[in-house]
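**Student:** Sharing a structure here in structure tokens format.
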Amino acid sequence: MKHKIGIVGCGGIAHQKHFPALNNVKDRVEVIALCDIIPERAEKAVQEVGEPDAKVYTDYHDLISNPDVEIVYVLTPNVAHCEISVAALEAGKHVLCEKPMAANVFDAQRMMDAYKKSGRLFTIGYQNRYRPDSQTLKTLCDEGALGGIYYAQAHALRRRGVPTWGVFTDKSKQGGGPLIDIGTHSLDLTLWFMNNYEPAAVTGVTFAKLGPTLPKNMQGNPMGAWDPAAYEVEDAAFAFVTMKDGSLITIDATWILNSTEERCAAATLCGTKAGAELTGVGGANDQKLYINQIMGNKQVQSEVNTSAGGVDLFPGKSVKPGDIECKVWLDAIEGKSELVVKPEQAFIVTKILDAVYQSAREGRQIVF
């Protein structure tokens, strides 16, 4: 039997990632319910991804109350993740929630409590783990090729990359700016590569130097001009994260920065045997993986070919990380494999991000 899916939130990420992924697995799923506070968006989504008789709702409670819905996708602005996910888990639904888990650690803890009581599966949309370069680097790390990783950098750098659709610059809806939006991907990858989820202390700073001040004719934003008067979040955030084992992670996350470098969902890893550079998405060096090591008593940097091999999931179609995320999620629900993105891991990401914001507000180190 096909899985019956309900989707809450029919905005940008739904159209960009989840609708195409679900349309690739029509043999496994039926989208029978869609919800959005703008009814026209939900109605339009029925034509794109839903069954012909799919229900349309404007209140997520009504969708969750539908007894036929087995799986709920939570694709809303960040501050709504907690309430919807908790309600769905309490109603006995499996839940895939978009990143980040929550806007703050208190909401994330509520979600974890509901998940543990529910007996259902719960995951977060960190699709960058499924990129070929990310998968290759994770394998190398798990095999010990880098040795013990004691220093890492989580990169989410945009020179001009303010999302001008949706509510990204509205702090009351998102909880923050580039740190919680794209920095969350880079931090998730870095912790996953290191297999280290025990932070000890965080020191963070945030800047809002350009977002609220640059006039529209001086922004140079490829995504279109933003309204400086409505720009309520940081435009750059930086942090030091000390782990309990003494290792260190630095975070840089920007939408607007006068920098010569640009890359997102990227990581630098330094281990006792070798180092790795995951160049990430964007810039001139897109999705490359480099290893730095000693060979023949010389320091050698080499590029790893991450395009060879793999599985042809959807013959004749271009496979994106979101497609693999969808397949892995359904496989886990069917008991064919384990979740790749575990809620316990996503909770630590939110815990660290929340501490960065707290440290920046209070001007002090946050110790866990």
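In the structure tokens, chains take letters A, B, ... by order of appearance, with residues numbered from 1 within each chain and ligands from 1 in the order shown.
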Contacts of stretch 243-249 of chain A at 6 Å or less, counting only C-alpha atoms, minus same-chain residues fewer than 4 places along, as a ChimeraX atom specification?
**Tutor:** /A:150-153,198-200
**Student:** Among stretch 100-287 of chain A, which ones does DSSP assign to strand (DSSP E or B) (computed from the backbone)? Answer as a ChimeraX atom specification.
**Tutor:** /A:122-125,149-157,160,199-207,236-243,248-254,256,263-271,274-278,281
**Student:** With a distance cut-off of 12 Å and only C-alpha atoms, select the neighbouring residues of stretch 87-92 of chain A, excluding the residue or stretch itself and same-chain residues fewer than 2 positions from it, and output the selection as a VMD selection string.
**Tutor:** chain A and resid 5 to 8 60 to 74 80 to 85 94 to 97 110 to 123
**Student:** If you measure from atom CA of A:Asp133 to atom CA of A:Ser302, what distance in Å do you get, rounded to one decimal?
**Tutor:** 13.8 Å
**Student:** Which is closest to A:Asn221 among A:Lys342, A:Arg131, A:Arg158, A:Lys173, if we use only C-alpha atoms?
**Tutor:**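 Looking only at the distances to A:Asn221, the closest residue turns out to be A:Arg158.
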**Student:** Measure the distance from atom CA of A:Val105 to atom CA of A:Gly11 in Å and round it to one decimal.
**Tutor:**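 Distance reported for this atom pair: 24.6 Å.
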**Student:** What separation in Å, quoted to one decimal, exists between atom CA of A:Asp107 and atom CA of A:Val31?
**Tutor:**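 Taking atom CA of A:Asp107 and atom CA of A:Val31, their separation equals 27.4 Å.
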**Student:** Which of these, A:Val340, A:Leu257, A:Ala284, A:Val29, has the shortest distance to A:Tyr126 once you count only C-alpha atoms?
**Tutor:** A:Val340
**Student:** Looking at A:Lys17, A:Lys298, A:Lys93, A:Lys4, which one is nearest to A:Val319, with distances taken over only C-alpha atoms?
**Tutor:**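 Under the stated criterion, the closest residue is A:Lys17.
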**Student:** Which is closest to A:Leu137 among A:Asn196, A:Gln109, A:Thr279, A:Thr169, if we use only C-alpha atoms?
**Tutor:**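 The answer is A:Thr279, which sits nearest to A:Leu137.
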**Student:** Between A:Ala145, A:Ile256, A:Leu187, A:Ala239, which has the minimum distance to A:Lys209 (counting only C-alpha atoms)?
**Tutor:**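 Between A:Ala145, A:Ile256, A:Leu187, A:Ala239, the residue approaching A:Lys209 most closely is A:Ile256.
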